[in-house]
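Below you'll find the structure, written out as structure tokens, and then a few comments.
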Amino acid sequence: MKLLHELRNADREIVWYQAENGFDESGTQTCGAMLCGSFNPLHEGHVRLALAAGRFLGQSIGFELSIRNVEKPALDIETIVNRCRQFETQPVALTNAPTFAEKSALLPGKTFIVGADTAVRIVDARFYGDQNADMLRALEAIRWNGCQFVVAGRTIGDRFVTLSDIEVPESAEDLFVDFPDKQFRFDLSSSELRETD
């Protein structure tokens with residue numbers, strides 16, 4: 001638990017988890033892409049998306065869980081452990097990186113798999129203090145770190161939204177790849193699944 005306390009206290013930026021090895025400071029770098037989320041809970045949609053994205057990219061897929069969120073308090077140790085225990089085989093990167101610019105610095109060269117709802121926030125200046133220039137700088141940092149995004153369609157409100165519906169700055173269009181909904185579509189979210197429990 002020492003590593004988790006160091007992560008929680010921001011004395012460490014990343015800790016890896018794998019069921020067979022537990023928590024590790026070096027972890028595995030074998031996964032070429034990371035499915036990012038809060039995994040509260042990990043559900044069939046996450047697992048199916050990871051499998052489909054792995055086939056689409058021809059890469060092994062890991063998961064990234066930030067213990068800090070721009071809009072919420074940091075996760076406590078018990079919650080971190082419980083979230084990790086959901087993963088039976090896949091590696092999980094636990095990070096102190098609430099933004100994708102920060103994630104890209106910790107996981108250079110990785111492809112981040114995100115839903116369209118997340119992609120909307122990545123290119124929305126409101127999430128950068130209403131500063132369009134700050135949003136563009138963050139995207140350039142992501143490019144500098146060799147990262148890009150594969151965007152899966154998501155139901156937002158009453159419509160299914162894909163990358164083609166999102167206004168991506170022209171200078172960053174090459175950072176975003178559409179994941180065709182014919183290869184993967186799952187309309188339930190974690191919050192909807194929590195409501196049915």
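By order of appearance in the structure tokens: chains A, B, ..., then residues from 1 within every chain, and ligands from 1 in the order shown.
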
Could you build a table of the residues in stretch 84-186 of chain A lying no more than 12 Å from stretch 29-39 of chain A, giving for each the nearest pair of atoms and their separation in Å rounded to one decimal place, using only C-alpha atoms, ordered by chain and ascending residue number, as CSV?
residue,atom,partner,partner_atom,distance
A:Cys84,CA,A:Phe39,CA,9.0
A:Arg85,CA,A:Phe39,CA,11.0
A:Gln86,CA,A:Phe39,CA,8.7
A:Phe87,CA,A:Phe39,CA,9.8
A:Gln90,CA,A:Cys31,CA,9.3
A:Pro91,CA,A:Cys31,CA,8.1
A:Val92,CA,A:Met34,CA,8.7
A:Ala93,CA,A:Met34,CA,8.5
A:Leu94,CA,A:Cys36,CA,10.2
A:Thr95,CA,A:Cys36,CA,10.6
A:Ala97,CA,A:Cys36,CA,11.0
A:Pro98,CA,A:Gly37,CA,10.5
A:Thr99,CA,A:Cys36,CA,10.9
A:Phe100,CA,A:Cys36,CA,9.6
A:Lys103,CA,A:Cys36,CA,9.6
A:Ser104,CA,A:Met34,CA,10.6
A:Leu106,CA,A:Gln29,CA,11.2
A:Leu107,CA,A:Gln29,CA,8.7
A:Pro108,CA,A:Gly32,CA,9.9
A:Gly109,CA,A:Gly32,CA,7.7
A:Lys110,CA,A:Ala33,CA,5.1
A:Thr111,CA,A:Ala33,CA,4.5
A:Phe112,CA,A:Met34,CA,5.0
A:Ile113,CA,A:Leu35,CA,4.6
A:Val114,CA,A:Cys36,CA,6.2
A:Gly115,CA,A:Cys36,CA,9.0
A:Asp117,CA,A:Gly37,CA,11.5
A:Thr118,CA,A:Gly37,CA,9.3
A:Ala119,CA,A:Cys36,CA,11.4
A:Gly146,CA,A:Gly32,CA,11.6
A:Cys147,CA,A:Ala33,CA,9.4
A:Gln148,CA,A:Ala33,CA,9.5
A:Phe149,CA,A:Ala33,CA,9.3
A:Val150,CA,A:Ala33,CA,9.3
A:Val151,CA,A:Leu35,CA,10.4
A:Ala152,CA,A:Leu35,CA,10.7

Would you list, as a count of residues only, the residues of stretch 1-166 of chain A that end up in helix (DSSP H, G or I) under DSSP run on this structure's backbone? 63

Find the residue from A:Ala105, A:Ala10, A:Leu51, A:Leu136 that sits nearest to A:Ala74; use only C-alpha atoms when measuring.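 Looking only at the distances to A:Ala74, the closest residue turns out to be A:Ala10.
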
Straight-line distance linking atom CA of A:Ile61 with atom CA of A:Ala19, stated in Å to one decimal: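 These two atoms are separated by 15.3 Å.
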
A:Ala116, A:Arg48, A:Lys182, A:Glu64 ranked by distance to A:Arg159, top pick (using only C-alpha atoms): A:Ala116

List every residue of stretch 3-197 of chain A that DSSP, applied to the backbone, labels as strand (DSSP E), and write the result as a PyMOL selection string. chain A and resi 14-18+22-24+33-36+61-66+92-95+111-115+148-152+154-156+159-161+176-179

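Here atom CA of A:Ala172 is placed at a distance of 7.8 Å from atom CA of A:Glu140.
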
Point out the residue among A:Pro169, A:Gly153, A:Pro180, A:Pro73 with the least atom-to-atom distance to A:Ala133, counting only C-alpha atoms. A:Pro169

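In this model, the gap between atom CA of A:Pro41 and atom CA of A:Glu25 comes to 24.3 Å.
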